[in-house]
file entry.cif (mmCIF, C-alpha atoms)
data_data
loop_
_atom_site.label_atom_id
_atom_site.label_comp_id
_atom_site.auth_asym_id
_atom_site.auth_seq_id
_atom_site.Cartn_x
_atom_site.Cartn_y
_atom_site.Cartn_z
CA MET K 1 11.00 6.18 92.09
CA GLY K 2 11.82 2.55 91.46
CA LYS K 3 14.15 0.00 92.96
CA ILE K 4 15.30 -3.34 91.57
CA ILE K 5 17.87 -5.72 93.06
CA PHE K 6 19.79 -8.01 90.73
CA TYR K 7 21.45 -11.25 91.90
CA GLU K 8 24.20 -13.23 90.21
CA ASP K 9 22.54 -16.59 90.83
CA ARG K 10 19.06 -18.04 90.73
CA ASN K 11 16.81 -17.77 93.80
CA PHE K 12 18.33 -14.45 94.94
CA GLN K 13 21.72 -15.97 95.73
CA GLY K 14 25.25 -14.70 95.21
CA ARG K 15 26.43 -11.12 94.92
CA HIS K 16 23.78 -8.50 94.33
CA TYR K 17 23.43 -5.00 92.91
CA GLU K 18 20.69 -2.47 93.80
CA CYS K 19 19.56 -0.16 91.04
CA MET K 20 17.17 2.82 91.12
CA SER K 21 17.60 4.09 87.56
CA ASP K 22 18.70 2.94 84.11
CA CYS K 23 21.73 0.66 83.91
CA SER K 24 23.24 0.19 80.45
CA ASP K 25 25.68 -2.59 81.36
CA MET K 26 25.25 -4.90 84.34
CA SER K 27 28.70 -6.45 83.82
CA SER K 28 30.16 -3.38 85.52
CA PHE K 29 28.55 -4.63 88.76
CA LEU K 30 27.91 -8.37 88.35
CA SER K 31 29.49 -11.07 86.22
CA ARG K 32 26.01 -12.41 85.41
CA CYS K 33 22.42 -11.85 86.54
CA HIS K 34 20.03 -14.76 86.92
CA SER K 35 17.37 -13.45 89.33
CA CYS K 36 15.96 -10.13 90.52
CA ARG K 37 13.50 -8.55 92.91
CA VAL K 38 11.53 -5.44 91.94
CA GLU K 39 10.80 -3.62 95.19
CA SER K 40 9.10 -0.61 93.60
CA GLY K 41 8.45 0.83 90.19
CA CYS K 42 8.39 -0.89 86.81
CA PHE K 43 11.40 -1.86 84.72
CA VAL K 44 12.22 -3.24 81.30
CA VAL K 45 15.17 -5.64 81.38
CA TYR K 46 17.23 -6.61 78.34
CA ASP K 47 19.35 -9.66 77.56
CA ARG K 48 22.10 -7.50 76.00
CA PRO K 49 23.97 -4.39 77.17
CA ASN K 50 22.95 -0.87 76.09
CA PHE K 51 19.20 -1.56 76.13
CA ILE K 52 19.16 -3.88 73.12
CA GLY K 53 18.11 -7.46 72.58
CA ASN K 54 15.04 -9.19 73.92
CA GLN K 55 13.03 -7.06 76.33
CA TYR K 56 10.90 -8.05 79.32
CA PHE K 57 8.55 -5.91 81.38
CA LEU K 58 8.83 -6.42 85.14
CA ARG K 59 6.55 -4.98 87.80
CA ARG K 60 6.83 -5.27 91.56
CA GLY K 61 7.58 -8.86 92.52
CA GLU K 62 10.19 -11.58 92.75
CA TYR K 63 11.75 -13.26 89.73
CA SER K 64 13.75 -16.20 91.05
CA ASP K 65 15.06 -17.33 87.67
CA TYR K 66 15.43 -15.35 84.45
CA VAL K 67 13.87 -18.29 82.58
CA SER K 68 10.63 -17.86 84.60
CA PHE K 69 9.71 -14.73 82.65
CA GLY K 70 10.94 -15.93 79.25
CA MET K 71 14.56 -14.82 79.00
CA ASN K 72 17.01 -17.04 77.16
CA ASP K 73 20.08 -15.48 78.73
CA SER K 74 21.20 -13.43 81.68
CA ILE K 75 19.91 -9.89 82.29
CA ARG K 76 22.48 -7.42 80.87
CA SER K 77 20.79 -3.98 81.14
CA CYS K 78 17.64 -2.36 82.54
CA ARG K 79 15.54 0.75 82.13
CA LEU K 80 13.31 2.32 84.78
CA ILE K 81 9.91 3.23 83.37
CA PRO K 82 8.80 6.63 84.67
CA GLN K 83 5.30 6.86 86.11
CA HIS K 84 2.81 8.53 83.80
CA ARG K 85 -0.57 9.72 85.05
CA GLY K 86 -1.77 11.75 82.07
CA SER K 87 -3.36 10.81 78.79
CA PHE K 88 -1.97 8.27 76.34
CA ARG K 89 -1.55 8.98 72.61
CA MET K 90 0.31 7.16 69.89
CA ARG K 91 0.10 7.21 66.10
CA ILE K 92 1.00 3.95 64.38
CA PHE K 93 1.99 3.60 60.72
CA GLU K 94 1.87 0.58 58.47
CA ARG K 95 5.30 1.24 56.93
CA GLU K 96 8.65 2.69 57.99
CA ASN K 97 9.28 6.47 57.95
CA PHE K 98 5.66 7.24 58.89
CA LEU K 99 4.25 6.04 55.57
CA GLY K 100 1.18 4.05 54.66
CA GLN K 101 -2.02 3.69 56.58
CA SER K 102 -2.00 5.32 60.02
CA HIS K 103 -4.18 5.37 63.12
CA GLU K 104 -4.11 7.25 66.40
CA LEU K 105 -4.46 5.23 69.58
CA ALA K 106 -5.40 6.41 73.05
CA ASP K 107 -6.14 2.94 74.42
CA ASP K 108 -4.80 -0.63 74.30
CA CYS K 109 -5.24 -2.61 71.08
CA ASP K 110 -5.16 -6.39 71.39
CA ASN K 111 -5.03 -7.01 67.63
CA ILE K 112 -3.88 -4.31 65.20
CA MET K 113 -4.88 -6.35 62.13
CA ASP K 114 -8.43 -6.98 63.33
CA HIS K 115 -9.08 -3.47 64.63
CA TYR K 116 -7.37 -1.37 61.95
CA ARG K 117 -6.90 -3.73 58.99
CA MET K 118 -3.18 -3.00 59.04
CA SER K 119 -0.91 -5.86 58.02
CA ASP K 120 1.94 -4.56 60.17
CA CYS K 121 3.11 -1.63 62.26
CA GLN K 122 6.60 -0.53 61.23
CA SER K 123 6.84 3.03 62.59
CA CYS K 124 5.10 5.16 65.20
CA SER K 125 5.07 8.42 67.05
CA VAL K 126 4.43 8.30 70.80
CA MET K 127 3.00 11.63 71.90
CA ASP K 128 1.94 10.77 75.46
CA GLY K 129 2.59 7.92 77.84
CA HIS K 130 4.70 4.78 77.79
CA TRP K 131 3.70 1.76 75.71
CA LEU K 132 4.58 -1.88 75.06
CA MET K 133 4.21 -3.34 71.55
CA TYR K 134 3.98 -7.11 71.16
CA GLU K 135 4.83 -9.52 68.38
CA GLN K 136 1.54 -11.43 68.62
CA PRO K 137 -2.07 -10.44 69.19
CA HIS K 138 -3.36 -10.33 72.78
CA TYR K 139 -0.07 -9.01 74.18
CA ARG K 140 2.01 -12.14 73.66
CA GLY K 141 5.43 -12.91 72.27
CA ARG K 142 8.43 -10.65 72.14
CA MET K 143 7.87 -7.02 73.01
CA VAL K 144 9.39 -3.58 72.64
CA TYR K 145 9.14 -0.67 75.10
CA LEU K 146 8.30 2.73 73.60
CA SER K 147 8.65 6.03 75.47
CA PRO K 148 7.55 9.40 74.03
CA GLY K 149 9.35 10.06 70.74
CA GLU K 150 9.41 9.17 67.08
CA TYR K 151 10.33 5.72 65.82
CA ARG K 152 11.00 5.74 62.08
CA SER K 153 11.72 2.02 62.10
CA ILE K 154 10.47 -0.07 64.98
CA ARG K 155 12.22 -3.09 63.44
CA GLU K 156 15.56 -1.51 64.31
CA LEU K 157 14.58 -1.80 67.98
CA VAL K 158 13.69 -5.49 67.79
CA HIS K 159 14.76 -8.56 65.88
CA SER K 160 14.39 -8.28 62.12
CA GLY K 161 11.43 -10.11 60.68
CA ILE K 162 9.24 -9.54 63.74
CA ARG K 163 5.71 -8.28 63.11
CA LEU K 164 4.11 -6.14 65.79
CA SER K 165 0.50 -7.11 66.32
CA SER K 166 -0.73 -5.60 69.61
CA VAL K 167 -0.01 -2.59 71.79
CA ARG K 168 -0.69 -1.82 75.45
CA ARG K 169 -0.31 1.26 77.66
CA ILE K 170 1.90 0.95 80.74
CA MET K 171 -0.49 2.02 83.44
CA ASP K 172 1.10 0.23 86.39
CA TYR K 173 1.87 2.44 89.33
CA CYS K 174 4.11 -0.12 90.98
#
call {"tool": "encode", "arguments": {"input": "entry.cif", "output": "structure tokens"}}
result
Amino acid sequence: MGKIIFYEDRNFQGRHYECMSDCSDMSSFLSRCHSCRVESGCFVVYDRPNFIGNQYFLRRGEYSDYVSFGMNDSIRSCRLIPQHRGSFRMRIFERENFLGQSHELADDCDNIMDHYRMSDCQSCSVMDGHWLMYEQPHYRGRMVYLSPGEYRSIRELVHSGIRLSSVRRIMDYC
């Protein structure tokens, strides 16, 4: 189980809201959210309601200012990442709709192009575990959270024009 506390102002000031599950729209509880404290669990926070927009992975810790972890705007929604202790499996595809070159992953990959000679990853199927895909090699840049399921077009989940270049398992047991 996870717990995150959101605060209206920087440095844990102003009104606050405690959350222990997904929250699709923070505006129902706070007019804005500029800082948070993750007391347990891991969360992905979004800068837009309904789990869209830029995403940021947060583990246990204090985040005194949304700018400190790369956000351009206030936190608007969040998703609790369930703990996963089993195996990890994902199949990535070079093109949308599961077409083109494909590879199965069971481990992190810091550079899809170098390891698999794929120019891009545009669709995937997550069989086991929870994953983060990043825009740049070595787990940098914008990211997208992927839970078990099929993703015919990863670009629909993130900004258009983004290339996904690395992928990492979420193994934190926060």
call {"tool": "resolve_selection", "arguments": {"input": "entry.cif", "expression": "the PyMOL selection byres ((chain K and resi 82) around 12)", "output": "VMD selection string"}}
result
chain K and resid 1 to 3 20 to 22 40 to 44 79 to 81 83 to 85 129 to 131 146 to 148 170 to 174
call {"tool": "write_last_selection", "arguments": {"input": "entry.cif", "atoms": "C-alpha atoms", "output": "compact mmCIF listing (two decimals), keeping the file's coordinate frame"}}
result
# COMPACT_ATOMS: atom_id res chain seq x y z
CA MET K 1 11.00 6.18 92.09
CA GLY K 2 11.82 2.55 91.46
CA LYS K 3 14.15 0.00 92.96
CA MET K 20 17.17 2.82 91.12
CA SER K 21 17.60 4.09 87.56
CA ASP K 22 18.70 2.94 84.11
CA SER K 40 9.10 -0.61 93.60
CA GLY K 41 8.45 0.83 90.19
CA CYS K 42 8.39 -0.89 86.81
CA PHE K 43 11.40 -1.86 84.72
CA VAL K 44 12.22 -3.24 81.30
CA ARG K 79 15.54 0.75 82.13
CA LEU K 80 13.31 2.32 84.78
CA ILE K 81 9.91 3.23 83.37
CA GLN K 83 5.30 6.86 86.11
CA HIS K 84 2.81 8.53 83.80
CA ARG K 85 -0.57 9.72 85.05
CA GLY K 129 2.59 7.92 77.84
CA HIS K 130 4.70 4.78 77.79
CA TRP K 131 3.70 1.76 75.71
CA LEU K 146 8.30 2.73 73.60
CA SER K 147 8.65 6.03 75.47
CA PRO K 148 7.55 9.40 74.03
CA ILE K 170 1.90 0.95 80.74
CA MET K 171 -0.49 2.02 83.44
CA ASP K 172 1.10 0.23 86.39
CA TYR K 173 1.87 2.44 89.33
CA CYS K 174 4.11 -0.12 90.98
call {"tool": "resolve_selection", "arguments": {"input": "entry.cif", "expression": "the PyMOL selection byres ((chain K and resi 93) around 12)", "output": "compact mmCIF listing (two decimals) with C-alpha atoms, keeping the file's coordinate frame"}}
result
# COMPACT_ATOMS: atom_id res chain seq x y z
CA MET K 90 0.31 7.16 69.89
CA ARG K 91 0.10 7.21 66.10
CA ILE K 92 1.00 3.95 64.38
CA GLU K 94 1.87 0.58 58.47
CA ARG K 95 5.30 1.24 56.93
CA GLU K 96 8.65 2.69 57.99
CA ASN K 97 9.28 6.47 57.95
CA PHE K 98 5.66 7.24 58.89
CA LEU K 99 4.25 6.04 55.57
CA GLY K 100 1.18 4.05 54.66
CA GLN K 101 -2.02 3.69 56.58
CA SER K 102 -2.00 5.32 60.02
CA HIS K 103 -4.18 5.37 63.12
CA GLU K 104 -4.11 7.25 66.40
CA LEU K 105 -4.46 5.23 69.58
CA ILE K 112 -3.88 -4.31 65.20
CA TYR K 116 -7.37 -1.37 61.95
CA ARG K 117 -6.90 -3.73 58.99
CA MET K 118 -3.18 -3.00 59.04
CA SER K 119 -0.91 -5.86 58.02
CA ASP K 120 1.94 -4.56 60.17
CA CYS K 121 3.11 -1.63 62.26
CA GLN K 122 6.60 -0.53 61.23
CA SER K 123 6.84 3.03 62.59
CA CYS K 124 5.10 5.16 65.20
CA SER K 125 5.07 8.42 67.05
CA VAL K 126 4.43 8.30 70.80
CA GLU K 150 9.41 9.17 67.08
CA TYR K 151 10.33 5.72 65.82
CA ARG K 152 11.00 5.74 62.08
CA SER K 153 11.72 2.02 62.10
CA ILE K 154 10.47 -0.07 64.98
CA LEU K 164 4.11 -6.14 65.79
call {"tool": "axis_aligned_box", "arguments": {"input": "entry.cif", "around": "region 32-49 of chain K", "padding_each_side": "8 Å", "output": "JSON"}}
result
{"center_x": 17.2, "center_y": -7.0, "center_z": 85.6, "size_x": 33.6, "size_y": 31.6, "size_z": 35.2}
call {"tool": "resolve_selection", "arguments": {"input": "entry.cif", "expression": "the PyMOL selection byres ((chain K and resi 110) around 10)", "output": "PyMOL selection string"}}
result
chain K and resi 107-109+111-115+133-134+136-140+165-168
call {"tool": "atom_distance", "arguments": {"input": "entry.cif", "atom1": "CA of Met127 (chain K)", "atom2": "CA of Met143 (chain K)"}}
result
19.3 Å
call {"tool": "atom_distance", "arguments": {"input": "entry.cif", "atom1": "CA of Tyr56 (chain K)", "atom2": "CA of Ile5 (chain K)"}}
result
15.6 Å
call {"tool": "closest_residue", "arguments": {"input": "entry.cif", "among": "K:Asn50, K:Ser68, K:Ser35, K:Asp25", "to": "Arg10 (chain K)", "atoms": "all atoms listed in the file"}}
result
K:Ser35
call {"tool": "closest_residue", "arguments": {"input": "entry.cif", "among": "K:Val45, K:Leu30, K:Ile52, K:Met71", "to": "Tyr7 (chain K)", "atoms": "only C-alpha atoms"}}
result
K:Leu30
call {"tool": "atom_distance", "arguments": {"input": "entry.cif", "atom1": "CA of Ile4 (chain K)", "atom2": "CA of Gly86 (chain K)"}}
result
24.7 Å
call {"tool": "closest_residue", "arguments": {"input": "entry.cif", "among": "K:Asp128, K:Glu8, K:Glu156, K:Glu39", "to": "Ala106 (chain K)", "atoms": "all atoms listed in the file"}}
result
K:Asp128
call {"tool": "residues_around", "arguments": {"input": "entry.cif", "residues": "Ile162 (chain K)", "least_positions_apart": "3", "cutoff": "9 Å", "atoms": "all atoms listed in the file", "output": "PyMOL selection string"}}
result
chain K and resi 135+142+155+158-159
call {"tool": "write_last_selection", "arguments": {"input": "entry.cif", "atoms": "C-alpha atoms", "output": "PDB file, keeping the file's coordinate frame"}}
result
ATOM      1  CA  GLU K 135       4.830  -9.520  68.380  1.00  0.00           C
ATOM      2  CA  ARG K 142       8.430 -10.650  72.140  1.00  0.00           C
ATOM      3  CA  ARG K 155      12.220  -3.090  63.440  1.00  0.00           C
ATOM      4  CA  VAL K 158      13.690  -5.490  67.790  1.00  0.00           C
ATOM      5  CA  HIS K 159      14.760  -8.560  65.880  1.00  0.00           C
TER       6      HIS K 159
END
call {"tool": "closest_residue", "arguments": {"input": "entry.cif", "among": "K:Phe6, K:Tyr17, K:Gln55, K:Cys23", "to": "Arg37 (chain K)", "atoms": "all atoms listed in the file"}}
result
K:Phe6
call {"tool": "build_atoms", "arguments": {"input": "entry.cif", "residues": "region 89-100 of chain K", "atoms": "all heavy atoms", "output": "compact mmCIF listing (two decimals), keeping the file's coordinate frame"}}
result
# COMPACT_ATOMS: atom_id res chain seq x y z
N ARG K 89 -1.32 8.77 74.05
CA ARG K 89 -1.55 8.98 72.61
C ARG K 89 -0.38 8.45 71.83
O ARG K 89 0.77 8.70 72.16
CB ARG K 89 -1.74 10.46 72.30
CG ARG K 89 -3.08 10.98 72.69
CD ARG K 89 -3.31 12.42 72.24
NE ARG K 89 -2.57 12.76 71.06
CZ ARG K 89 -1.91 13.92 70.90
NH1 ARG K 89 -1.93 14.83 71.82
NH2 ARG K 89 -1.26 14.17 69.78
N MET K 90 -0.71 7.72 70.78
CA MET K 90 0.31 7.16 69.89
C MET K 90 -0.28 7.07 68.49
O MET K 90 -1.45 6.75 68.33
CB MET K 90 0.71 5.76 70.37
CG MET K 90 1.49 4.96 69.36
SD MET K 90 1.59 3.22 69.79
CE MET K 90 3.07 3.22 70.72
N ARG K 91 0.52 7.39 67.49
CA ARG K 91 0.10 7.21 66.10
C ARG K 91 0.95 6.10 65.51
O ARG K 91 2.17 6.15 65.58
CB ARG K 91 0.26 8.49 65.29
CG ARG K 91 -0.17 8.28 63.83
CD ARG K 91 -0.42 9.58 63.08
NE ARG K 91 -1.61 10.29 63.51
CZ ARG K 91 -2.86 9.97 63.15
NH1 ARG K 91 -3.08 8.93 62.38
NH2 ARG K 91 -3.88 10.69 63.56
N ILE K 92 0.29 5.07 64.99
CA ILE K 92 1.00 3.95 64.38
C ILE K 92 0.89 4.04 62.86
O ILE K 92 -0.12 4.52 62.33
CB ILE K 92 0.46 2.59 64.89
CG1 ILE K 92 -1.03 2.43 64.59
CG2 ILE K 92 0.75 2.43 66.38
CD1 ILE K 92 -1.59 1.05 64.92
N PHE K 93 1.93 3.57 62.18
CA PHE K 93 1.99 3.60 60.72
C PHE K 93 2.31 2.20 60.19
O PHE K 93 3.10 1.47 60.79
CB PHE K 93 3.07 4.58 60.24
CG PHE K 93 2.81 6.00 60.62
CD1 PHE K 93 3.18 6.48 61.87
CD2 PHE K 93 2.18 6.86 59.74
CE1 PHE K 93 2.93 7.79 62.24
CE2 PHE K 93 1.93 8.18 60.10
CZ PHE K 93 2.31 8.65 61.35
N GLU K 94 1.72 1.90 59.07
CA GLU K 94 1.87 0.58 58.47
C GLU K 94 3.29 0.34 57.96
O GLU K 94 3.78 -0.78 58.00
CB GLU K 94 0.87 0.46 57.31
CG GLU K 94 0.75 -0.91 56.73
CD GLU K 94 -0.37 -0.97 55.72
OE1 GLU K 94 -0.71 0.05 55.10
OE2 GLU K 94 -0.92 -2.06 55.56
N ARG K 95 3.97 1.40 57.51
CA ARG K 95 5.30 1.24 56.93
C ARG K 95 6.31 2.12 57.66
O ARG K 95 5.95 3.01 58.42
CB ARG K 95 5.26 1.58 55.44
CG ARG K 95 4.34 0.61 54.69
CD ARG K 95 4.48 0.62 53.18
NE ARG K 95 5.01 1.80 52.59
CZ ARG K 95 4.39 2.55 51.68
NH1 ARG K 95 3.19 2.22 51.26
NH2 ARG K 95 4.95 3.62 51.17
N GLU K 96 7.59 1.89 57.40
CA GLU K 96 8.65 2.69 57.99
C GLU K 96 8.55 4.14 57.52
O GLU K 96 7.92 4.43 56.51
CB GLU K 96 10.02 2.11 57.61
CG GLU K 96 10.30 0.78 58.27
CD GLU K 96 11.67 0.24 57.94
OE1 GLU K 96 12.31 0.69 56.97
OE2 GLU K 96 12.11 -0.66 58.67
N ASN K 97 9.22 5.03 58.27
CA ASN K 97 9.28 6.47 57.95
C ASN K 97 7.90 7.13 57.90
O ASN K 97 7.68 8.04 57.11
CB ASN K 97 10.05 6.70 56.64
CG ASN K 97 11.48 6.28 56.78
OD1 ASN K 97 12.16 6.64 57.74
ND2 ASN K 97 11.97 5.48 55.83
N PHE K 98 6.98 6.64 58.74
CA PHE K 98 5.66 7.24 58.89
C PHE K 98 4.85 7.25 57.59
O PHE K 98 4.13 8.19 57.30
CB PHE K 98 5.78 8.66 59.47
CG PHE K 98 6.74 8.74 60.62
CD1 PHE K 98 7.92 9.46 60.52
CD2 PHE K 98 6.49 8.06 61.81
CE1 PHE K 98 8.82 9.52 61.58
CE2 PHE K 98 7.38 8.11 62.87
CZ PHE K 98 8.55 8.84 62.75
N LEU K 99 4.96 6.16 56.84
CA LEU K 99 4.25 6.04 55.57
C LEU K 99 3.16 4.98 55.68
O LEU K 99 3.14 4.17 56.59
CB LEU K 99 5.22 5.67 54.44
CG LEU K 99 6.33 6.69 54.16
CD1 LEU K 99 7.34 6.12 53.15
CD2 LEU K 99 5.73 7.99 53.64
N GLY K 100 2.26 5.02 54.71
CA GLY K 100 1.18 4.05 54.66
C GLY K 100 0.03 4.43 55.57
O GLY K 100 -0.03 5.53 56.10
